[in-house]
$ cat model-v8.cif   # mmCIF, C-alpha atoms and all ligand atoms
data_query
#
loop_
_atom_site.group_PDB
_atom_site.id
_atom_site.type_symbol
_atom_site.label_atom_id
_atom_site.label_comp_id
_atom_site.auth_asym_id
_atom_site.auth_seq_id
_atom_site.Cartn_x
_atom_site.Cartn_y
_atom_site.Cartn_z
ATOM 1 C CA MET A 1486 -22.063 -7.987 2.523
ATOM 2 C CA ILE A 1487 -24.295 -5.553 0.652
ATOM 3 C CA THR A 1488 -23.101 -3.482 -2.285
ATOM 4 C CA LYS A 1489 -24.675 -0.035 -2.348
ATOM 5 C CA ARG A 1490 -24.983 1.546 -5.757
ATOM 6 C CA THR A 1491 -22.668 4.527 -5.882
ATOM 7 C CA ASP A 1492 -22.282 7.104 -8.594
ATOM 8 C CA THR A 1493 -18.494 7.281 -8.964
ATOM 9 C CA ARG A 1494 -18.488 9.419 -12.113
ATOM 10 C CA SER A 1495 -17.350 12.572 -10.304
ATOM 11 C CA TRP A 1496 -14.064 10.805 -9.466
ATOM 12 C CA GLU A 1497 -13.591 9.281 -12.906
ATOM 13 C CA HIS A 1498 -11.684 12.173 -14.415
ATOM 14 C CA THR A 1499 -8.237 13.553 -13.576
ATOM 15 C CA GLN A 1500 -8.778 16.574 -11.364
ATOM 16 C CA PRO A 1501 -6.519 19.643 -11.678
ATOM 17 C CA LEU A 1502 -3.489 19.622 -9.359
ATOM 18 C CA ARG A 1503 -4.983 22.318 -7.097
ATOM 19 C CA ALA A 1504 -8.081 20.243 -6.443
ATOM 20 C CA ARG A 1505 -6.017 17.093 -5.883
ATOM 21 C CA ASP A 1506 -3.739 18.966 -3.500
ATOM 22 C CA ARG A 1507 -6.789 20.032 -1.483
ATOM 23 C CA VAL A 1508 -7.890 16.398 -1.100
ATOM 24 C CA ARG A 1509 -4.310 15.469 -0.205
ATOM 25 C CA ALA A 1510 -3.981 18.224 2.426
ATOM 26 C CA LYS A 1511 -7.276 17.163 4.003
ATOM 27 C CA ALA A 1512 -6.202 13.492 4.091
ATOM 28 C CA VAL A 1513 -2.774 14.339 5.531
ATOM 29 C CA ASP A 1514 -4.355 16.684 8.118
ATOM 30 C CA ALA A 1515 -6.583 13.830 9.268
ATOM 31 C CA ILE A 1516 -3.538 11.690 10.158
ATOM 32 C CA PRO A 1517 -3.278 11.614 13.977
ATOM 33 C CA TRP A 1518 -0.157 13.165 15.573
ATOM 34 C CA TRP A 1519 0.928 9.813 16.960
ATOM 35 C CA TYR A 1520 0.950 8.147 13.543
ATOM 36 C CA SER A 1521 4.217 6.342 12.797
ATOM 37 C CA PRO A 1522 4.754 5.517 9.098
ATOM 38 C CA TRP A 1523 7.551 3.026 9.846
ATOM 39 C CA GLY A 1524 5.410 1.423 12.547
ATOM 40 C CA HIS A 1525 2.558 1.167 10.020
ATOM 41 C CA LEU A 1526 4.886 -0.679 7.627
ATOM 42 C CA ALA A 1527 6.602 -2.766 10.321
ATOM 43 C CA PHE A 1528 3.440 -4.109 11.994
ATOM 44 C CA PRO A 1529 1.968 -6.096 9.062
ATOM 45 C CA SER A 1530 5.472 -7.081 7.925
ATOM 46 C CA LEU A 1531 6.455 -8.528 11.318
ATOM 47 C CA VAL A 1532 3.051 -10.140 11.963
ATOM 48 C CA GLY A 1533 3.085 -11.660 8.460
ATOM 49 C CA LEU A 1534 6.690 -12.880 8.574
ATOM 50 C CA GLY A 1535 6.179 -14.145 12.143
ATOM 51 C CA LEU A 1536 3.108 -16.174 11.135
ATOM 52 C CA ILE A 1537 4.925 -17.548 8.073
ATOM 53 C CA ALA A 1538 7.920 -18.618 10.195
ATOM 54 C CA THR A 1539 5.625 -20.199 12.812
ATOM 55 C CA ALA A 1540 3.547 -22.058 10.209
ATOM 56 C CA LEU A 1541 6.635 -23.370 8.387
ATOM 57 C CA SER A 1542 8.279 -24.463 11.647
ATOM 58 C CA LEU A 1543 5.189 -26.558 12.484
ATOM 59 C CA LEU A 1544 5.213 -28.440 9.157
ATOM 60 C CA HIS A 1545 5.789 -32.141 9.591
ATOM 61 C CA GLU A 1546 7.344 -33.890 6.596
ATOM 62 C CA PRO A 1547 5.040 -32.371 3.935
ATOM 63 C CA THR A 1548 4.554 -34.429 0.780
ATOM 64 C CA TRP A 1549 4.936 -32.910 -2.700
ATOM 65 C CA ARG A 1550 1.138 -33.023 -3.016
ATOM 66 C CA GLU A 1551 0.792 -30.933 0.120
ATOM 67 C CA TRP A 1552 3.324 -28.424 -1.281
ATOM 68 C CA LEU A 1553 0.918 -27.954 -4.224
ATOM 69 C CA THR A 1554 -1.163 -25.938 -1.731
ATOM 70 C CA VAL A 1555 1.212 -23.017 -2.342
ATOM 71 C CA PRO A 1556 0.639 -22.463 -6.107
ATOM 72 C CA ILE A 1557 -3.083 -23.279 -5.813
ATOM 73 C CA VAL A 1558 -3.590 -20.767 -2.995
ATOM 74 C CA LEU A 1559 -1.525 -18.142 -4.838
ATOM 75 C CA VAL A 1560 -3.898 -18.336 -7.818
ATOM 76 C CA LEU A 1561 -7.009 -18.248 -5.581
ATOM 77 C CA VAL A 1562 -5.841 -15.244 -3.544
ATOM 78 C CA ASN A 1563 -4.847 -13.447 -6.740
ATOM 79 C CA LEU A 1564 -8.459 -13.849 -7.938
ATOM 80 C CA ASN A 1565 -9.614 -12.696 -4.502
ATOM 81 C CA GLU A 1566 -7.391 -9.598 -4.688
ATOM 82 C CA TRP A 1567 -9.008 -8.738 -8.048
ATOM 83 C CA SER A 1568 -12.505 -9.231 -6.628
ATOM 84 C CA VAL A 1569 -11.954 -7.282 -3.387
ATOM 85 C CA HIS A 1570 -10.304 -4.406 -5.252
ATOM 86 C CA ARG A 1571 -13.059 -4.232 -7.860
ATOM 87 C CA ASN A 1572 -16.083 -4.849 -5.622
ATOM 88 C CA ILE A 1573 -15.128 -3.441 -2.222
ATOM 89 C CA LEU A 1574 -12.500 -0.746 -2.885
ATOM 90 C CA HIS A 1575 -14.322 0.633 -5.941
ATOM 91 C CA GLN A 1576 -17.937 0.090 -4.768
ATOM 92 C CA ARG A 1577 -19.473 0.973 -1.406
ATOM 93 C CA THR A 1578 -20.009 -2.348 0.347
ATOM 94 C CA TRP A 1579 -21.523 -2.624 3.797
ATOM 95 C CA PRO A 1580 -19.964 -3.087 6.372
ATOM 96 C CA LEU A 1581 -16.609 -2.225 4.745
ATOM 97 C CA GLU A 1582 -17.565 1.149 3.279
ATOM 98 C CA THR A 1583 -14.603 2.846 4.902
ATOM 99 C CA LEU A 1584 -12.332 0.918 2.510
ATOM 100 C CA PHE A 1585 -14.195 2.480 -0.431
ATOM 101 C CA TRP A 1586 -13.942 6.019 0.981
ATOM 102 C CA ARG A 1587 -10.212 5.654 1.559
ATOM 103 C CA HIS A 1588 -9.629 4.216 -1.897
ATOM 104 C CA THR A 1589 -11.772 5.620 -4.722
ATOM 105 C CA PRO A 1590 -12.343 9.247 -3.623
ATOM 106 C CA GLU A 1591 -8.983 9.545 -1.802
ATOM 107 C CA HIS A 1592 -6.139 7.220 -2.929
ATOM 108 C CA HIS A 1593 -7.245 7.559 -6.569
ATOM 109 C CA VAL A 1594 -7.748 11.328 -6.504
ATOM 110 C CA ILE A 1595 -4.391 12.019 -4.819
ATOM 111 C CA PHE A 1596 -2.289 9.614 -6.905
ATOM 112 C CA VAL A 1597 -2.836 9.666 -10.684
ATOM 113 C CA ARG A 1598 -0.950 7.991 -13.502
ATOM 114 C CA ASP A 1599 1.617 10.746 -14.008
ATOM 115 C CA ASP A 1600 1.824 11.722 -10.352
ATOM 116 C CA MET A 1601 2.101 8.457 -8.447
ATOM 117 C CA ALA A 1602 4.723 9.337 -5.851
ATOM 118 C CA MET A 1603 4.260 9.895 -2.145
ATOM 119 C CA ARG A 1604 5.758 13.205 -1.029
ATOM 120 C CA ALA A 1605 6.615 12.192 2.567
ATOM 121 C CA THR A 1606 6.787 9.035 4.665
ATOM 122 C CA ARG A 1607 3.625 10.195 6.483
ATOM 123 C CA GLU A 1608 1.819 9.477 3.211
ATOM 124 C CA PHE A 1609 2.364 5.731 3.840
ATOM 125 C CA ARG A 1610 -1.002 6.177 5.510
ATOM 126 C CA LEU A 1611 -2.573 6.967 2.119
ATOM 127 C CA VAL A 1612 -1.208 3.769 0.542
ATOM 128 C CA LEU A 1613 -1.015 0.944 3.112
ATOM 129 C CA ILE A 1614 -4.124 -0.910 4.285
ATOM 130 C CA PRO A 1615 -5.072 -0.201 7.945
ATOM 131 C CA PHE A 1616 -2.368 -1.633 10.238
ATOM 132 C CA TYR A 1617 -4.721 -4.245 11.739
ATOM 133 C CA GLY A 1618 -5.744 -5.462 8.245
ATOM 134 C CA ILE A 1619 -3.389 -8.436 8.223
ATOM 135 C CA LEU A 1620 -4.713 -9.648 11.595
ATOM 136 C CA ALA A 1621 -8.284 -9.213 10.362
ATOM 137 C CA ILE A 1622 -7.456 -11.308 7.278
ATOM 138 C CA PHE A 1623 -5.737 -13.993 9.402
ATOM 139 C CA LEU A 1624 -8.649 -14.177 11.871
ATOM 140 C CA SER A 1625 -11.442 -14.044 9.289
ATOM 141 C CA SER A 1626 -9.800 -16.891 7.342
ATOM 142 C CA LEU A 1627 -9.472 -19.112 10.438
ATOM 143 C CA PRO A 1628 -12.609 -21.108 9.501
ATOM 144 C CA VAL A 1629 -10.845 -22.092 6.253
ATOM 145 C CA THR A 1630 -7.654 -22.881 8.182
ATOM 146 C CA ALA A 1631 -9.575 -25.058 10.652
ATOM 147 C CA THR A 1632 -11.466 -26.842 7.870
ATOM 148 C CA LEU A 1633 -8.243 -27.633 6.009
ATOM 149 C CA TRP A 1634 -6.608 -28.786 9.270
ATOM 150 C CA LEU A 1635 -9.446 -31.147 10.117
ATOM 151 C CA LEU A 1636 -10.544 -32.348 6.686
ATOM 152 C CA VAL A 1637 -7.330 -32.295 4.625
ATOM 153 C CA SER A 1638 -4.188 -32.193 6.768
ATOM 154 C CA PRO A 1639 -2.401 -29.934 9.275
ATOM 155 C CA ASN A 1640 0.397 -29.401 6.732
ATOM 156 C CA VAL A 1641 -2.044 -28.062 4.125
ATOM 157 C CA ALA A 1642 -3.593 -25.735 6.725
ATOM 158 C CA LEU A 1643 -0.124 -24.444 7.708
ATOM 159 C CA LEU A 1644 0.879 -23.888 4.062
ATOM 160 C CA TRP A 1645 -2.419 -22.027 3.515
ATOM 161 C CA VAL A 1646 -1.572 -19.680 6.410
ATOM 162 C CA ALA A 1647 2.019 -19.157 5.218
ATOM 163 C CA THR A 1648 0.909 -18.473 1.608
ATOM 164 C CA THR A 1649 -1.923 -16.078 2.443
ATOM 165 C CA MET A 1650 0.214 -14.128 4.901
ATOM 166 C CA GLY A 1651 3.069 -13.980 2.399
ATOM 167 C CA TYR A 1652 0.635 -12.628 -0.181
ATOM 168 C CA VAL A 1653 -0.592 -9.849 2.124
ATOM 169 C CA VAL A 1654 2.983 -8.797 2.927
ATOM 170 C CA ALA A 1655 3.895 -8.845 -0.787
ATOM 171 C CA TYR A 1656 0.792 -6.751 -1.567
ATOM 172 C CA GLU A 1657 1.766 -4.108 1.002
ATOM 173 C CA TRP A 1658 5.425 -3.935 -0.033
ATOM 174 C CA LEU A 1659 4.695 -3.844 -3.763
ATOM 175 C CA HIS A 1660 1.922 -1.247 -3.534
ATOM 176 C CA LEU A 1661 4.146 0.967 -1.378
ATOM 177 C CA ALA A 1662 7.024 0.489 -3.865
ATOM 178 C CA TYR A 1663 4.833 1.623 -6.802
ATOM 179 C CA HIS A 1664 4.088 4.866 -4.964
ATOM 180 C CA LEU A 1665 7.739 5.672 -4.162
ATOM 181 C CA PRO A 1666 9.410 8.560 -5.990
ATOM 182 C CA GLU A 1667 10.920 7.239 -9.216
ATOM 183 C CA SER A 1668 14.417 8.213 -8.027
ATOM 184 C CA ASN A 1669 14.189 5.717 -5.144
ATOM 185 C CA PRO A 1670 16.480 2.692 -5.687
ATOM 186 C CA ILE A 1671 13.619 0.246 -4.893
ATOM 187 C CA ALA A 1672 11.374 1.993 -7.443
ATOM 188 C CA ARG A 1673 14.142 1.640 -10.058
ATOM 189 C CA THR A 1674 14.448 -2.147 -9.842
ATOM 190 C CA GLY A 1675 13.232 -3.948 -12.964
ATOM 191 C CA LEU A 1676 10.472 -5.941 -11.279
ATOM 192 C CA VAL A 1677 8.929 -2.933 -9.514
ATOM 193 C CA ARG A 1678 9.053 -0.883 -12.716
ATOM 194 C CA LEU A 1679 7.375 -3.638 -14.684
ATOM 195 C CA LEU A 1680 4.579 -4.209 -12.140
ATOM 196 C CA ARG A 1681 4.134 -0.479 -11.433
ATOM 197 C CA ARG A 1682 3.246 0.145 -15.068
ATOM 198 C CA HIS A 1683 0.153 -2.069 -14.652
ATOM 199 C CA HIS A 1684 -0.915 -0.290 -11.446
ATOM 200 C CA ALA A 1685 -0.203 3.166 -12.905
ATOM 201 C CA VAL A 1686 -2.723 2.486 -15.692
ATOM 202 C CA HIS A 1687 -5.274 1.670 -12.980
ATOM 203 C CA HIS A 1688 -4.458 5.090 -11.497
ATOM 204 C CA THR A 1689 -5.923 6.768 -14.577
ATOM 205 C CA PRO A 1690 -9.262 7.912 -13.059
ATOM 206 C CA GLU A 1691 -11.082 7.375 -16.367
ATOM 207 C CA LEU A 1692 -9.998 3.688 -16.327
ATOM 208 C CA MET A 1693 -9.955 2.772 -12.628
ATOM 209 C CA GLN A 1694 -13.531 1.403 -12.407
ATOM 210 C CA ARG A 1695 -12.956 -1.142 -15.158
ATOM 211 C CA TRP A 1696 -9.313 -2.068 -15.714
ATOM 212 C CA ASN A 1697 -6.154 -3.443 -14.048
ATOM 213 C CA PHE A 1698 -7.496 -4.481 -10.650
ATOM 214 C CA ASN A 1699 -4.533 -6.657 -9.666
ATOM 215 C CA VAL A 1700 -1.983 -4.796 -7.569
ATOM 216 C CA THR A 1701 0.529 -7.647 -7.287
ATOM 217 C CA VAL A 1702 0.872 -9.898 -10.343
ATOM 218 C CA PRO A 1703 -1.795 -9.235 -13.033
ATOM 219 C CA LEU A 1704 -2.846 -12.879 -13.356
ATOM 220 C CA ALA A 1705 -6.574 -12.466 -12.569
ATOM 221 C CA ASP A 1706 -6.735 -9.384 -14.822
ATOM 222 C CA TRP A 1707 -5.326 -11.537 -17.613
ATOM 223 C CA LEU A 1708 -7.659 -14.488 -16.907
ATOM 224 C CA LEU A 1709 -10.757 -12.292 -16.620
ATOM 225 C CA GLY A 1710 -9.950 -9.975 -19.531
ATOM 226 C CA THR A 1711 -9.475 -6.740 -17.573
ATOM 227 C CA VAL A 1712 -5.936 -5.877 -18.695
ATOM 228 C CA TYR A 1713 -6.214 -2.428 -20.319
ATOM 229 C CA ARG A 1714 -4.850 -2.460 -23.871
ATOM 230 C CA GLY A 1715 -5.841 1.008 -25.026
HETATM 231 ZN ZN ZN B 1801 -2.189 2.683 -5.713
HETATM 232 ZN ZN ZN B 1802 -8.158 1.042 -7.195
#

$ encode --input "model-v8.cif" --output "structure tokens"
Amino acid sequence: MITKRTDTRSWEHTQPLRARDRVRAKAVDAIPWWYSPWGHLAFPSLVGLGLIATALSLLHEPTWREWLTVPIVLVLVNLNEWSVHRNILHQRTWPLETLFWRHTPEHHVIFVRDDMAMRATREFRLVLIPFYGILAIFLSSLPVTATLWLLVSPNVALLWVATTMGYVVAYEWLHLAYHLPESNPIARTGLVRLLRRHHAVHHTPELMQRWNFNVTVPLADWLLGTVYRG
């Protein structure tokens, strides 16, 4: 992967509502007529939960040491989330530049700290990763799965699949929850409110290139010193 230097300064200030609404209207207009917001949410959820159920059903008497795979992988994928968000969603990186264009000049211009809410279910499209993302993550991590299966144990490989897929589903659900209207009962739960505060700071355009890159639990931000304390 090659990072291309990009001048992001023009997006690093909060644009007036009229300008943000123009970007929003253009993004919403580009959504194809056949787009189904509930289908977009259901696909990664069902694929993820299905792979978790399959992996867990194939476990064969895992030892407590093998169960340690779960916390270890959770920490590693949390660091990976930080790195992908910082280096691929906020920098143009070949061949995944489309992720940058959908994130920094679009997601971050439309949703800002004090205006985080989606206005319609069609706007799921502006928040969720592409529907095939979870399959792409599963397939591209198969070399790791195979290596663990062959060199460590099938149980560890299965727990790796279950943990990574669970993480992707949690990422999608949490990120969507942060962008719900504040009156929504899911948005009002304590956990979502607590975690949303961290993501809302990241939605300050002046701060987004440097702070609060975790979208789920801000562990990597804490470890790497990128929790904003201004
Ligand atoms: Zn967001
Ligand atoms: Zn971001």

$ residues_near_ligand --input "model-v8.cif" --ligand "ligand ZN 1802 (chain B)" --cutoff "8 Å" --atoms "all atoms listed in the file" --output "PDB file with C-alpha atoms, in the coordinates of the input"
ATOM      1  CA  HIS A1570     -10.304  -4.406  -5.252  1.00  0.00           C
ATOM      2  CA  ARG A1571     -13.059  -4.232  -7.860  1.00  0.00           C
ATOM      3  CA  LEU A1574     -12.500  -0.746  -2.885  1.00  0.00           C
ATOM      4  CA  HIS A1575     -14.322   0.633  -5.941  1.00  0.00           C
ATOM      5  CA  HIS A1588      -9.629   4.216  -1.897  1.00  0.00           C
ATOM      6  CA  THR A1589     -11.772   5.620  -4.722  1.00  0.00           C
ATOM      7  CA  HIS A1592      -6.139   7.220  -2.929  1.00  0.00           C
ATOM      8  CA  HIS A1593      -7.245   7.559  -6.569  1.00  0.00           C
ATOM      9  CA  HIS A1687      -5.274   1.670 -12.980  1.00  0.00           C
ATOM     10  CA  HIS A1688      -4.458   5.090 -11.497  1.00  0.00           C
ATOM     11  CA  MET A1693      -9.955   2.772 -12.628  1.00  0.00           C
ATOM     12  CA  GLN A1694     -13.531   1.403 -12.407  1.00  0.00           C
ATOM     13  CA  PHE A1698      -7.496  -4.481 -10.650  1.00  0.00           C
TER      14      PHE A1698
END

$ closest_atom_pairs --input "model-v8.cif" --of "chain A" --to "ligand ZN 1801 (chain B)" --cutoff "12 Å" --atoms "all atoms listed in the file" --output "CSV"
residue,atom,partner,partner_atom,distance
A:His1570,CA,B:ZN1801,ZN,10.8
A:Leu1574,CA,B:ZN1801,ZN,11.2
A:Arg1587,CA,B:ZN1801,ZN,11.2
A:His1588,CA,B:ZN1801,ZN,8.5
A:Thr1589,CA,B:ZN1801,ZN,10.1
A:Glu1591,CA,B:ZN1801,ZN,10.4
A:His1592,CA,B:ZN1801,ZN,6.6
A:His1593,CA,B:ZN1801,ZN,7.1
A:Val1594,CA,B:ZN1801,ZN,10.3
A:Ile1595,CA,B:ZN1801,ZN,9.6
A:Phe1596,CA,B:ZN1801,ZN,7.0
A:Val1597,CA,B:ZN1801,ZN,8.6
A:Arg1598,CA,B:ZN1801,ZN,9.5
A:Asp1600,CA,B:ZN1801,ZN,10.9
A:Met1601,CA,B:ZN1801,ZN,7.7
A:Ala1602,CA,B:ZN1801,ZN,9.6
A:Met1603,CA,B:ZN1801,ZN,10.3
A:Glu1608,CA,B:ZN1801,ZN,11.9
A:Phe1609,CA,B:ZN1801,ZN,11.0
A:Arg1610,CA,B:ZN1801,ZN,11.8
A:Leu1611,CA,B:ZN1801,ZN,8.9
A:Val1612,CA,B:ZN1801,ZN,6.4
A:Leu1613,CA,B:ZN1801,ZN,9.1
A:Ile1614,CA,B:ZN1801,ZN,10.8
A:Tyr1656,CA,B:ZN1801,ZN,10.7
A:Glu1657,CA,B:ZN1801,ZN,10.3
A:Trp1658,CA,B:ZN1801,ZN,11.6
A:Leu1659,CA,B:ZN1801,ZN,9.7
A:His1660,CA,B:ZN1801,ZN,6.1
A:Leu1661,CA,B:ZN1801,ZN,7.9
A:Ala1662,CA,B:ZN1801,ZN,9.6
A:Tyr1663,CA,B:ZN1801,ZN,7.2
A:His1664,CA,B:ZN1801,ZN,6.7
A:Leu1665,CA,B:ZN1801,ZN,10.5
A:Leu1680,CA,B:ZN1801,ZN,11.6
A:Arg1681,CA,B:ZN1801,ZN,9.1
A:Arg1682,CA,B:ZN1801,ZN,11.1
A:His1683,CA,B:ZN1801,ZN,10.4
A:His1684,CA,B:ZN1801,ZN,6.6
A:Ala1685,CA,B:ZN1801,ZN,7.5
A:Val1686,CA,B:ZN1801,ZN,10.0
A:His1687,CA,B:ZN1801,ZN,8.0
A:His1688,CA,B:ZN1801,ZN,6.7
A:Thr1689,CA,B:ZN1801,ZN,10.4
A:Pro1690,CA,B:ZN1801,ZN,11.5
A:Met1693,CA,B:ZN1801,ZN,10.4
A:Asn1697,CA,B:ZN1801,ZN,11.1
A:Phe1698,CA,B:ZN1801,ZN,10.2
A:Asn1699,CA,B:ZN1801,ZN,10.4
A:Val1700,CA,B:ZN1801,ZN,7.7
A:Thr1701,CA,B:ZN1801,ZN,10.8

$ closest_residue --input "model-v8.cif" --among "A:Ala1655, A:Leu1692, A:Ser1668, A:Thr1674" --to "Leu1559 in chain A" --atoms "all atoms listed in the file"
A:Ala1655

$ closest_residue --input "model-v8.cif" --among "A:Trp1496, A:Val1629, A:Arg1509, A:Ile1671" --to "Arg1604 in chain A" --atoms "all atoms listed in the file"
A:Arg1509

$ closest_residue --input "model-v8.cif" --among "A:Lys1489, A:Arg1507, A:His1545, A:His1498" --to "Pro1639 in chain A" --atoms "only C-alpha atoms"
A:His1545

$ closest_residue --input "model-v8.cif" --among "A:Leu1544, A:Ala1621, A:Val1558, A:Leu1502" --to "Val1532 in chain A" --atoms "only C-alpha atoms"
A:Ala1621

$ residues_near_point --input "model-v8.cif" --point "(3.2, -30.6, -1.2)" --cutoff "12 Å" --atoms "all atoms listed in the file" --output "PDB file with C-alpha atoms, in the frame of the given file"
ATOM      1  CA  LEU A1544       5.213 -28.440   9.157  1.00  0.00           C
ATOM      2  CA  HIS A1545       5.789 -32.141   9.591  1.00  0.00           C
ATOM      3  CA  GLU A1546       7.344 -33.890   6.596  1.00  0.00           C
ATOM      4  CA  PRO A1547       5.040 -32.371   3.935  1.00  0.00           C
ATOM      5  CA  THR A1548       4.554 -34.429   0.780  1.00  0.00           C
ATOM      6  CA  TRP A1549       4.936 -32.910  -2.700  1.00  0.00           C
ATOM      7  CA  ARG A1550       1.138 -33.023  -3.016  1.00  0.00           C
ATOM      8  CA  GLU A1551       0.792 -30.933   0.120  1.00  0.00           C
ATOM      9  CA  TRP A1552       3.324 -28.424  -1.281  1.00  0.00           C
ATOM     10  CA  LEU A1553       0.918 -27.954  -4.224  1.00  0.00           C
ATOM     11  CA  THR A1554      -1.163 -25.938  -1.731  1.00  0.00           C
ATOM     12  CA  VAL A1555       1.212 -23.017  -2.342  1.00  0.00           C
ATOM     13  CA  PRO A1556       0.639 -22.463  -6.107  1.00  0.00           C
ATOM     14  CA  ILE A1557      -3.083 -23.279  -5.813  1.00  0.00           C
ATOM     15  CA  SER A1638      -4.188 -32.193   6.768  1.00  0.00           C
ATOM     16  CA  PRO A1639      -2.401 -29.934   9.275  1.00  0.00           C
ATOM     17  CA  ASN A1640       0.397 -29.401   6.732  1.00  0.00           C
ATOM     18  CA  VAL A1641      -2.044 -28.062   4.125  1.00  0.00           C
ATOM     19  CA  ALA A1642      -3.593 -25.735   6.725  1.00  0.00           C
ATOM     20  CA  LEU A1643      -0.124 -24.444   7.708  1.00  0.00           C
ATOM     21  CA  LEU A1644       0.879 -23.888   4.062  1.00  0.00           C
ATOM     22  CA  TRP A1645      -2.419 -22.027   3.515  1.00  0.00           C
TER      23      TRP A1645
END

$ closest_residue --input "model-v8.cif" --among "A:Leu1636, A:Leu1620, A:Leu1708, A:Ala1504" --to "Gly1535 in chain A" --atoms "all atoms listed in the file"
A:Leu1620
